[in-house]
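query27.cif follows; it contains mmCIF, C-alpha atoms.
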```
data_model
#
loop_
_atom_site.label_atom_id
_atom_site.label_comp_id
_atom_site.auth_asym_id
_atom_site.auth_seq_id
_atom_site.Cartn_x
_atom_site.Cartn_y
_atom_site.Cartn_z
CA MET D 1 -0.73 -28.28 -18.87
CA THR D 2 -2.04 -28.48 -15.36
CA ASP D 3 -5.56 -29.44 -14.53
CA VAL D 4 -8.04 -26.64 -14.41
CA ILE D 5 -9.19 -25.82 -10.88
CA LYS D 6 -12.94 -25.22 -10.81
CA THR D 7 -14.32 -23.03 -8.06
CA ASP D 8 -17.39 -20.90 -7.38
CA VAL D 9 -15.35 -17.84 -6.53
CA LEU D 10 -11.74 -16.88 -7.01
CA ILE D 11 -10.45 -14.09 -4.78
CA VAL D 12 -7.41 -12.16 -5.89
CA GLY D 13 -5.61 -11.12 -2.72
CA ALA D 14 -5.39 -12.85 0.67
CA GLY D 15 -5.39 -9.71 2.80
CA PRO D 16 -7.98 -9.09 5.54
CA CYS D 17 -10.78 -8.23 3.10
CA GLY D 18 -10.18 -11.28 0.95
CA LEU D 19 -10.11 -13.45 4.06
CA PHE D 20 -13.33 -12.10 5.53
CA ALA D 21 -15.02 -12.43 2.15
CA VAL D 22 -14.39 -16.18 2.48
CA PHE D 23 -16.51 -16.10 5.64
CA GLU D 24 -19.42 -14.21 4.09
CA LEU D 25 -19.35 -16.40 0.97
CA GLY D 26 -18.96 -19.53 3.04
CA LEU D 27 -22.16 -18.81 4.98
CA LEU D 28 -23.89 -18.86 1.60
CA ASP D 29 -22.33 -22.23 0.65
CA ILE D 30 -19.98 -20.66 -1.85
CA LYS D 31 -16.56 -22.28 -2.25
CA VAL D 32 -13.48 -20.15 -2.60
CA HIS D 33 -9.90 -20.29 -3.81
CA LEU D 34 -7.54 -17.37 -3.16
CA VAL D 35 -4.42 -16.30 -5.04
CA ASP D 36 -1.79 -14.01 -3.55
CA ILE D 37 1.54 -12.83 -4.89
CA LEU D 38 3.12 -12.86 -1.42
CA ASP D 39 4.54 -16.02 0.10
CA LYS D 40 2.29 -15.57 3.10
CA ILE D 41 -1.34 -14.90 3.97
CA GLY D 42 -2.41 -11.48 5.27
CA GLY D 43 -1.59 -8.96 2.55
CA GLN D 44 -0.42 -5.60 3.85
CA CYS D 45 -1.14 -6.78 7.42
CA ALA D 46 1.52 -9.45 6.93
CA GLU D 47 3.96 -7.60 4.70
CA LEU D 48 3.87 -4.01 5.93
CA TYR D 49 2.83 -4.06 9.56
CA PRO D 50 2.71 -7.54 11.11
CA GLU D 51 3.78 -6.17 14.51
CA LYS D 52 2.06 -2.79 14.29
CA PRO D 53 -1.06 -2.21 16.38
CA ILE D 54 -4.43 -1.67 14.67
CA TYR D 55 -6.94 0.21 16.82
CA ASP D 56 -9.98 0.46 14.57
CA ILE D 57 -11.33 -3.04 14.13
CA PRO D 58 -14.85 -2.92 15.62
CA GLY D 59 -15.00 -4.72 18.94
CA ILE D 60 -11.25 -5.33 19.08
CA PRO D 61 -9.54 -2.44 20.87
CA LEU D 62 -6.05 -3.52 19.84
CA ILE D 63 -4.68 -6.17 17.51
CA THR D 64 -1.55 -6.47 15.38
CA GLY D 65 -1.56 -7.12 11.65
CA HIS D 66 -0.32 -10.63 12.32
CA GLY D 67 -2.92 -11.15 15.06
CA LEU D 68 -5.75 -10.03 12.79
CA THR D 69 -4.60 -12.39 10.04
CA GLU D 70 -4.46 -15.31 12.48
CA ALA D 71 -7.90 -14.48 13.89
CA LEU D 72 -9.44 -14.26 10.41
CA LEU D 73 -7.89 -17.58 9.44
CA GLU D 74 -9.42 -19.15 12.54
CA GLN D 75 -12.79 -17.59 11.68
CA ILE D 76 -12.84 -18.92 8.10
CA LYS D 77 -11.45 -22.36 8.91
CA PRO D 78 -14.87 -24.07 8.68
CA PHE D 79 -15.04 -23.08 5.00
CA ASN D 80 -11.70 -24.65 4.09
CA PRO D 81 -10.47 -21.98 1.67
CA GLN D 82 -7.67 -23.02 -0.70
CA PHE D 83 -4.69 -20.71 -0.94
CA HIS D 84 -2.32 -20.33 -3.88
CA LEU D 85 0.58 -18.22 -2.65
CA ASN D 86 3.55 -16.81 -4.56
CA GLU D 87 1.32 -16.48 -7.61
CA MET D 88 0.04 -13.44 -9.43
CA VAL D 89 -3.13 -13.51 -11.50
CA ALA D 90 -1.96 -12.61 -14.96
CA GLU D 91 -4.93 -13.12 -17.28
CA VAL D 92 -8.67 -13.06 -16.97
CA GLU D 93 -10.77 -14.34 -19.84
CA LYS D 94 -14.56 -14.29 -19.97
CA ILE D 95 -15.97 -17.76 -20.67
CA GLY D 96 -19.50 -17.58 -19.31
CA ASP D 97 -22.29 -15.28 -18.28
CA PRO D 98 -20.73 -14.76 -15.87
CA GLY D 99 -17.77 -17.10 -15.80
CA PHE D 100 -14.06 -16.57 -16.08
CA ARG D 101 -10.91 -18.46 -16.89
CA VAL D 102 -8.11 -17.06 -14.78
CA THR D 103 -4.44 -17.85 -15.31
CA THR D 104 -1.61 -17.06 -12.90
CA ASP D 105 2.00 -16.28 -13.73
CA ALA D 106 2.86 -19.76 -12.39
CA GLY D 107 0.54 -21.34 -14.96
CA THR D 108 -2.26 -22.32 -12.59
CA VAL D 109 -5.61 -22.14 -14.37
CA PHE D 110 -8.92 -21.56 -12.58
CA GLU D 111 -12.45 -21.53 -13.87
CA CYS D 112 -14.77 -19.55 -11.65
CA LYS D 113 -18.25 -18.12 -11.83
CA VAL D 114 -17.30 -15.02 -9.88
CA LEU D 115 -14.02 -13.14 -9.56
CA VAL D 116 -13.40 -10.94 -6.52
CA VAL D 117 -10.56 -8.46 -6.74
CA ALA D 118 -9.37 -7.81 -3.18
CA ALA D 119 -5.92 -6.78 -4.24
CA GLY D 120 -5.38 -3.81 -1.90
CA GLY D 121 -2.82 -1.46 -3.36
CA GLY D 122 -2.16 -3.90 -6.16
CA SER D 123 0.48 -6.57 -6.25
CA PHE D 124 3.63 -6.38 -4.19
CA GLN D 125 6.50 -6.20 -6.62
CA PRO D 126 10.23 -5.71 -6.21
CA LYS D 127 11.15 -2.09 -5.78
CA ARG D 128 13.27 -0.55 -8.47
CA PRO D 129 16.58 0.56 -6.96
CA PRO D 130 17.08 4.31 -6.75
CA VAL D 131 19.64 4.34 -9.56
CA PRO D 132 19.09 6.53 -12.63
CA GLY D 133 18.61 4.61 -15.89
CA VAL D 134 18.23 1.16 -14.32
CA GLU D 135 15.07 0.52 -16.39
CA ALA D 136 17.16 0.05 -19.55
CA TYR D 137 18.87 -3.01 -18.08
CA GLU D 138 15.88 -4.72 -16.46
CA GLY D 139 15.23 -8.25 -17.63
CA LYS D 140 18.51 -8.38 -19.54
CA SER D 141 21.25 -7.87 -16.99
CA VAL D 142 19.40 -6.45 -13.99
CA HIS D 143 17.20 -9.04 -12.28
CA TYR D 144 14.93 -8.76 -9.26
CA ALA D 145 14.70 -12.48 -8.70
CA VAL D 146 16.74 -15.54 -9.50
CA ARG D 147 14.73 -18.02 -11.54
CA LYS D 148 17.60 -20.28 -12.62
CA MET D 149 20.89 -20.12 -10.76
CA GLU D 150 22.72 -21.54 -13.77
CA GLU D 151 22.08 -18.31 -15.68
CA PHE D 152 24.51 -16.62 -13.32
CA ARG D 153 27.36 -19.08 -13.78
CA GLY D 154 30.65 -17.44 -14.78
CA LYS D 155 29.26 -13.92 -14.37
CA ASP D 156 30.61 -10.87 -12.63
CA ILE D 157 27.72 -10.43 -10.24
CA LEU D 158 26.80 -7.28 -8.37
CA ILE D 159 24.32 -7.71 -5.53
CA VAL D 160 22.83 -4.66 -3.83
CA GLY D 161 21.06 -4.63 -0.48
CA GLY D 162 21.42 -5.65 3.13
CA GLY D 163 18.46 -7.90 3.91
CA ASP D 164 17.93 -11.63 3.74
CA SER D 165 17.32 -11.74 -0.02
CA ALA D 166 20.59 -9.96 -0.75
CA LEU D 167 22.53 -12.14 1.66
CA ASP D 168 20.90 -15.42 0.63
CA TRP D 169 21.69 -14.84 -3.05
CA THR D 170 25.19 -13.68 -2.20
CA LEU D 171 25.77 -17.00 -0.47
CA ASN D 172 23.96 -19.17 -3.03
CA LEU D 173 25.42 -17.65 -6.17
CA ASN D 174 28.96 -17.09 -4.89
CA PRO D 175 30.23 -20.55 -5.90
CA LEU D 176 28.94 -20.01 -9.47
CA ALA D 177 30.20 -16.47 -9.94
CA LYS D 178 33.35 -15.43 -11.73
CA SER D 179 33.47 -12.48 -9.36
CA MET D 180 31.03 -11.03 -6.89
CA THR D 181 30.53 -7.64 -5.30
CA LEU D 182 28.03 -6.87 -2.57
CA VAL D 183 27.10 -3.21 -2.12
CA HIS D 184 25.18 -2.02 0.91
CA ARG D 185 24.59 1.47 2.28
CA ARG D 186 26.07 0.73 5.70
CA ASP D 187 28.18 -1.90 7.38
CA ASP D 188 25.18 -3.22 9.23
CA PHE D 189 22.92 -5.89 7.76
CA ARG D 190 19.25 -6.63 8.35
CA GLY D 191 19.63 -10.27 7.36
CA ALA D 192 19.86 -13.28 9.67
CA PRO D 193 23.02 -13.14 11.83
CA HIS D 194 24.13 -16.54 10.56
CA SER D 195 23.98 -15.33 6.93
CA VAL D 196 25.88 -12.18 7.86
CA GLU D 197 28.63 -14.33 9.39
CA GLN D 198 28.86 -16.52 6.29
CA MET D 199 28.97 -13.45 4.07
CA ARG D 200 31.81 -11.98 6.16
CA ALA D 201 33.70 -15.26 5.85
CA LEU D 202 33.46 -14.99 2.04
CA VAL D 203 34.87 -11.47 2.26
CA ALA D 204 37.72 -12.70 4.47
CA SER D 205 38.58 -15.49 2.03
CA GLY D 206 38.66 -13.08 -0.91
CA LYS D 207 35.62 -14.58 -2.65
CA LEU D 208 33.45 -11.53 -2.14
CA ASP D 209 34.16 -7.83 -2.43
CA LEU D 210 32.02 -5.91 0.07
CA LYS D 211 31.58 -2.22 -0.64
CA ILE D 212 29.79 0.14 1.72
CA GLY D 213 27.99 2.86 -0.21
CA GLN D 214 25.30 3.50 -2.79
CA ILE D 215 25.18 2.87 -6.53
CA THR D 216 25.03 6.19 -8.33
CA GLU D 217 25.50 5.21 -11.94
CA LEU D 218 25.37 2.21 -14.26
CA GLN D 219 27.41 1.67 -17.38
CA GLY D 220 26.65 -0.57 -20.33
CA GLU D 221 24.84 -0.61 -23.63
CA ASN D 222 21.79 -2.24 -25.22
CA GLY D 223 20.62 -3.47 -21.84
CA GLN D 224 23.89 -5.23 -21.12
CA LEU D 225 25.54 -3.95 -17.98
CA SER D 226 29.32 -3.60 -17.88
CA GLY D 227 29.92 -1.70 -14.68
CA ALA D 228 28.56 0.36 -11.82
CA THR D 229 29.79 3.37 -9.89
CA VAL D 230 29.64 3.22 -6.11
CA LYS D 231 29.74 6.31 -3.94
CA GLY D 232 31.11 5.50 -0.52
CA ASN D 233 29.78 7.11 2.64
CA ASP D 234 33.00 9.16 2.74
CA ASN D 235 32.06 10.36 -0.79
CA SER D 236 34.85 8.27 -2.34
CA ILE D 237 33.98 6.99 -5.82
CA SER D 238 34.83 3.46 -6.89
CA GLN D 239 34.06 1.30 -9.87
CA VAL D 240 32.63 -2.23 -9.98
CA THR D 241 32.94 -4.47 -13.03
CA CYS D 242 29.77 -6.47 -13.45
CA ASN D 243 27.61 -8.02 -16.14
CA ALA D 244 24.73 -9.00 -13.90
CA MET D 245 23.11 -7.06 -11.11
CA LEU D 246 20.62 -8.20 -8.50
CA PRO D 247 19.13 -5.31 -6.51
CA PHE D 248 17.09 -6.10 -3.40
CA PHE D 249 15.29 -2.98 -2.29
CA GLY D 250 12.16 -4.50 -0.82
CA LEU D 251 8.65 -4.51 -2.20
CA THR D 252 6.29 -1.86 -3.40
CA MET D 253 2.66 -2.06 -4.45
CA LYS D 254 1.79 -1.70 -8.11
CA LEU D 255 -1.60 -2.12 -9.73
CA GLY D 256 -0.08 -4.67 -12.12
CA PRO D 257 -2.18 -6.89 -14.38
CA VAL D 258 -5.52 -5.75 -12.83
CA ALA D 259 -5.30 -2.92 -15.34
CA ASN D 260 -5.72 -5.41 -18.21
CA TRP D 261 -8.89 -7.18 -17.12
CA GLY D 262 -11.34 -4.86 -18.82
CA LEU D 263 -12.26 -3.02 -15.63
CA HIS D 264 -12.85 0.70 -15.58
CA LEU D 265 -10.16 2.48 -13.59
CA GLU D 266 -10.13 5.82 -11.81
CA ASN D 267 -6.70 6.88 -10.52
CA ASN D 268 -5.66 3.22 -10.48
CA LEU D 269 -8.72 2.25 -8.44
CA VAL D 270 -11.70 0.19 -9.56
CA PRO D 271 -15.08 1.98 -9.39
CA VAL D 272 -17.87 -0.19 -7.98
CA ASP D 273 -21.59 -0.11 -7.35
CA THR D 274 -22.06 0.43 -3.62
CA GLY D 275 -25.06 -1.88 -3.40
CA THR D 276 -23.14 -4.92 -4.60
CA PHE D 277 -19.48 -3.91 -4.98
CA GLU D 278 -19.63 -5.20 -8.52
CA THR D 279 -17.43 -3.56 -11.16
CA ASN D 280 -18.42 -2.59 -14.68
CA VAL D 281 -17.90 -6.25 -15.67
CA PRO D 282 -20.81 -8.38 -14.38
CA GLY D 283 -19.40 -11.13 -12.15
CA ILE D 284 -16.23 -9.28 -11.26
CA PHE D 285 -16.33 -7.58 -7.87
CA ALA D 286 -13.79 -5.32 -6.16
CA ILE D 287 -13.56 -4.96 -2.38
CA GLY D 288 -11.14 -3.30 0.02
CA ASP D 289 -8.47 -0.72 -0.75
CA ILE D 290 -8.53 -1.36 -4.49
CA ASN D 291 -12.06 -0.07 -5.11
CA THR D 292 -13.46 3.42 -5.15
CA TYR D 293 -16.91 4.97 -4.74
CA PRO D 294 -18.24 8.23 -3.34
CA GLY D 295 -17.21 8.45 0.31
CA LYS D 296 -14.77 5.54 0.12
CA LEU D 297 -12.50 5.12 3.15
CA LYS D 298 -9.56 2.76 2.97
CA LEU D 299 -10.35 1.03 6.24
CA ILE D 300 -10.30 -2.67 6.96
CA LEU D 301 -13.79 -2.39 8.46
CA SER D 302 -15.12 -0.90 5.21
CA GLY D 303 -13.63 -3.82 3.31
CA PHE D 304 -15.43 -6.26 5.61
CA HIS D 305 -18.76 -4.58 4.89
CA GLU D 306 -18.02 -4.60 1.17
CA GLY D 307 -17.32 -8.33 1.28
CA ALA D 308 -20.64 -9.03 2.99
CA LEU D 309 -22.64 -7.16 0.35
CA MET D 310 -20.61 -8.67 -2.47
CA ALA D 311 -21.48 -12.16 -1.23
CA GLN D 312 -25.20 -11.48 -1.58
CA LYS D 313 -24.86 -10.64 -5.28
CA ALA D 314 -22.30 -13.39 -5.87
CA HIS D 315 -24.90 -15.87 -4.57
CA LYS D 316 -27.21 -14.90 -7.44
CA TYR D 317 -24.51 -15.87 -9.94
CA VAL D 318 -23.40 -19.05 -8.22
CA TYR D 319 -26.91 -20.31 -7.41
CA PRO D 320 -29.18 -18.56 -9.92
CA ASP D 321 -32.16 -20.74 -9.00
CA LYS D 322 -31.90 -20.51 -5.22
CA ARG D 323 -33.68 -17.85 -3.26
CA LEU D 324 -31.46 -16.30 -0.61
CA VAL D 325 -33.04 -15.86 2.81
CA PHE D 326 -31.09 -13.51 5.03
CA GLN D 327 -30.08 -15.12 8.32
CA TYR D 328 -28.11 -14.28 11.46
CA THR D 329 -25.28 -16.46 12.78
CA THR D 330 -26.63 -15.82 16.28
CA SER D 331 -29.91 -17.57 15.69
CA SER D 332 -29.78 -19.59 12.48
CA SER D 333 -29.22 -23.28 13.11
CA SER D 334 -28.26 -23.84 9.47
CA LEU D 335 -25.58 -21.14 9.58
CA GLN D 336 -24.33 -22.53 12.88
CA LYS D 337 -24.06 -25.96 11.32
CA LYS D 338 -21.87 -24.52 8.56
CA LEU D 339 -19.68 -22.91 11.21
CA GLY D 340 -19.40 -26.22 13.02
CA VAL D 341 -20.74 -24.78 16.27
CA ASN D 342 -24.04 -26.60 16.35
CA MET C 343 2.62 24.18 17.83
CA ALA C 344 5.77 24.36 15.80
CA LYS C 345 6.68 25.93 12.50
CA ILE C 346 8.35 23.47 10.15
CA HIS C 347 10.17 24.60 7.03
CA PHE C 348 10.30 22.20 4.07
CA VAL C 349 12.92 22.98 1.43
CA ASP C 350 12.42 21.12 -1.84
CA HIS C 351 15.29 20.03 -4.10
CA THR C 352 14.99 23.20 -6.19
CA GLY C 353 15.50 25.29 -3.04
CA GLU C 354 11.92 26.49 -2.65
CA THR C 355 10.76 26.66 0.97
CA ARG C 356 7.26 25.99 2.31
CA THR C 357 6.48 26.70 5.94
CA ILE C 358 3.63 25.08 7.81
CA GLU C 359 2.34 25.20 11.38
CA VAL C 360 2.13 21.78 12.96
CA GLU C 361 0.45 20.75 16.17
CA ASN C 362 2.47 18.83 18.73
CA GLY C 363 2.26 15.07 18.50
CA ALA C 364 1.81 14.94 14.73
CA THR C 365 4.67 13.58 12.69
CA VAL C 366 6.56 15.68 10.18
CA MET C 367 5.26 13.32 7.47
CA GLU C 368 1.61 13.80 8.52
CA ALA C 369 2.09 17.55 8.50
CA ALA C 370 3.54 17.39 5.00
CA ILE C 371 0.77 15.17 3.61
CA ARG C 372 -2.06 17.21 5.20
CA ASN C 373 -0.62 20.35 3.72
CA ALA C 374 0.20 18.78 0.36
CA VAL C 375 3.90 19.53 0.65
CA PRO C 376 5.44 18.08 -2.51
CA GLY C 377 8.38 15.68 -2.34
CA ILE C 378 6.94 13.42 0.33
CA GLU C 379 4.92 10.39 -0.72
CA ALA C 380 4.46 8.26 2.42
CA GLU C 381 3.35 5.20 0.47
CA CYS C 382 2.89 3.03 3.56
CA GLY C 383 0.95 5.65 5.49
CA GLY C 384 3.41 6.05 8.33
CA ALA C 385 4.09 2.44 9.33
CA CYS C 386 7.86 2.83 8.91
CA ALA C 387 7.49 0.24 6.18
CA CYS C 388 8.76 2.10 3.14
CA ALA C 389 11.21 4.93 2.56
CA THR C 390 9.08 7.40 0.67
CA CYS C 391 8.88 10.13 3.32
CA HIS C 392 12.66 10.52 3.37
CA VAL C 393 13.99 13.95 4.39
CA TYR C 394 17.34 15.49 5.24
CA VAL C 395 17.42 17.22 8.60
CA ASP C 396 19.18 20.59 8.48
CA GLU C 397 22.63 20.39 10.13
CA ALA C 398 21.66 22.88 12.84
CA TRP C 399 18.77 20.64 13.91
CA ARG C 400 20.34 17.20 13.73
CA GLU C 401 21.21 16.94 17.38
CA LYS C 402 17.77 18.05 18.58
CA VAL C 403 15.93 15.75 16.19
CA GLY C 404 18.23 12.81 16.90
CA GLY C 405 19.14 9.86 14.73
CA PRO C 406 17.04 7.08 13.28
CA SER C 407 16.01 3.99 15.25
CA PRO C 408 17.41 0.63 14.08
CA MET C 409 14.13 -0.18 12.31
CA GLU C 410 14.19 3.19 10.58
CA GLU C 411 17.81 2.61 9.51
CA ASP C 412 16.66 -0.65 7.95
CA MET C 413 14.04 1.20 5.95
CA LEU C 414 16.47 3.92 4.94
CA ASP C 415 18.36 1.19 3.06
CA PHE C 416 15.61 1.55 0.45
CA GLY C 417 15.95 5.32 0.14
CA PHE C 418 17.39 7.40 -2.67
CA ASP C 419 20.64 9.29 -1.97
CA VAL C 420 20.69 8.52 1.75
CA ARG C 421 23.01 10.78 3.75
CA PRO C 422 24.10 11.01 7.39
CA SER C 423 21.34 13.60 7.96
CA SER C 424 18.63 11.32 6.48
CA ARG C 425 15.50 10.54 8.47
CA LEU C 426 12.07 9.18 7.66
CA SER C 427 9.70 12.03 8.41
CA CYS C 428 7.00 9.66 9.69
CA GLN C 429 9.30 8.91 12.59
CA ILE C 430 9.86 12.53 13.67
CA LYS C 431 7.23 13.63 16.19
CA VAL C 432 6.65 17.37 16.42
CA THR C 433 7.14 19.08 19.79
CA ASP C 434 7.63 22.72 20.88
CA GLU C 435 11.34 21.91 20.90
CA LEU C 436 11.25 21.50 17.12
CA ASP C 437 9.72 24.93 16.45
CA GLY C 438 11.62 26.29 13.45
CA LEU C 439 12.85 22.87 12.23
CA VAL C 440 14.24 22.87 8.70
CA VAL C 441 14.09 19.70 6.61
CA SER C 442 14.79 19.31 2.94
CA THR C 443 13.32 16.73 0.60
CA PRO C 444 15.47 14.65 -1.76
CA GLU C 445 15.31 14.95 -5.52
CA ARG C 446 13.03 11.95 -5.53
CA GLN C 447 11.63 9.40 -3.14
CA ALA C 448 12.65 5.77 -3.54
#
```
Please go through the file and, once you have read it, give me the structure as structure tokens.
Amino acid sequence: MTDVIKTDVLIVGAGPCGLFAVFELGLLDIKVHLVDILDKIGGQCAELYPEKPIYDIPGIPLITGHGLTEALLEQIKPFNPQFHLNEMVAEVEKIGDPGFRVTTDAGTVFECKVLVVAAGGGSFQPKRPPVPGVEAYEGKSVHYAVRKMEEFRGKDILIVGGGDSALDWTLNLNPLAKSMTLVHRRDDFRGAPHSVEQMRALVASGKLDLKIGQITELQGENGQLSGATVKGNDNSISQVTCNAMLPFFGLTMKLGPVANWGLHLENNLVPVDTGTFETNVPGIFAIGDINTYPGKLKLILSGFHEGALMAQKAHKYVYPDKRLVFQYTTSSSSLQKKLGVN
Amino acid sequence: MAKIHFVDHTGETRTIEVENGATVMEAAIRNAVPGIEAECGGACACATCHVYVDEAWREKVGGPSPMEEDMLDFGFDVRPSSRLSCQIKVTDELDGLVVSTPERQA
């Protein structure tokens, strides 16, 4: 049992809206921890379009997803937010009025007064490969991640994909495997050149069977895979014997556990009050792409506004006895002190 | 302006008029053409606007960029004529273009 982390506010999602919310909360002396399922900060800006230009951030004619993330991190530095990456919030339990105990899939436990859901399109999760009937094998013989390498010892392993994950696991699991087949759509790999070289060396030494094509069918029963059919680009059909498959088809966004936190949902979005961006559960707020209200636009700038208003209401929960006086960063010496500029 | 014909996997065709400069994906989404999802909104970061370019049009439309090829790795039933429709910009040249949508997106 790990120690419980106590914080004023826990933000689910470290995308641009979650990051800017740290700023608005920080100005009000509210301490924040953030949890994100990705291994990096920035949400969609980091995962989907780090190098793509964004043209509609007010006052910034052009910035990339990566650039915006970096700039936001610089802006919120004075407030020392604590990040918990590679973790997904699994459970939310009400323990106060308001107050929540929040547990992640990695077992980290938080106790917070306010929970802010800034989860964008939901959590990034491995994409199911486009193979009919794959669902029946998931968790038993089809795995989207390797938790313990030992579980793959002595297996006939089929790895599908052409990026770094596919190549890394091909290289790491090869010594443990009884046999190994790598299937990729084309003889061109997205992974690091060095990994591609090592993979090709395994093929040359007979330790890896590389097939160029797409999986069209799986065979097996009761969730236990026994083989897969590969259609080559020349339409040739071949058969792979395998009892474990690891498909790496990138990430997709799914609402995930947010659906189980007692929040009302409308088309997988969380309805909020537009004065406070609070959900139907007092103390739980939703900002950014994940919320919905009349006129909602999924713009980063809207999420920034939502975070600012959320912070005002969150202050009432965190400091019920303090009166909040609205101040500007331009002129308030106390805000400037918090920002470390005065 | 160009007329683009979308053939779905059952063979049904929908024709829409598209202004130059828009992408085939944008045209499909604005006109609610089924079979195209465009989960990432056109960032070439998913493979859910996958289409097959009609043989007669493949040369004019051209092939995918390396980045697009990378994304096509995530597609369903990818063929030599596969493109991501968010990466096809409409011009007068493409007036009459025929694309078909796969049985499902990734």
Contact residues (chain C, partner chain D, 9 Å, all atoms listed in the file) as a ChimeraX atom specification: /C:381-382,385-388,412,414-422,446-448
Output, as AutoDock Vina command-line options, the centre and edge lengths in Å (one decimal) of the axis-aligned box that contains all listed atoms of region 266-269 of chain D with 3 Å of margin on each side.
```
--center_x -7.9 --center_y 4.6 --center_z -10.1 --size_x 10.5 --size_y 10.6 --size_z 9.4
```
Gap from CA of Lys140 (chain D) to CA of Met245 (chain D) - Å, one decimal: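 Computing it gives 9.7 Å between the two atoms.
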For Glu70 (chain D), find every residue with an atom within 10 Å (counting all atoms listed in the file), except residues of its own chain fewer than 6 positions away, and show them as an MDAnalysis selection string. chainID D and resid 16 41:42 64
Could you tell me which residues the PyMOL selection byres ((chain C and resi 344) around 9) returns for this structure, as a PyMOL selection string? chain C and resi 343+345-346+358-362+432-439
Given all atoms listed in the file as the basis, pick out the residue of D:Thr103, D:Gln198, D:Ser236, D:Gln312 nearest to Trp261 (chain D).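 Distance minimum relative to Trp261 (chain D) lands on D:Thr103.
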To one decimal in Å, tell me the separation between CA of Val116 (chain D) and CA of Leu297 (chain D). 18.8 Å
To one decimal place, how far is CA of Lys113 (chain D) from CA of Glu266 (chain D) in Å? 25.3 Å
Output of the PyMOL selection byres ((chain D and resi 20-22) around 7), listed as an NGL selection string: :D and (16-19 or 23-26 or 32 or 72 or 76 or 304 or 307-308)
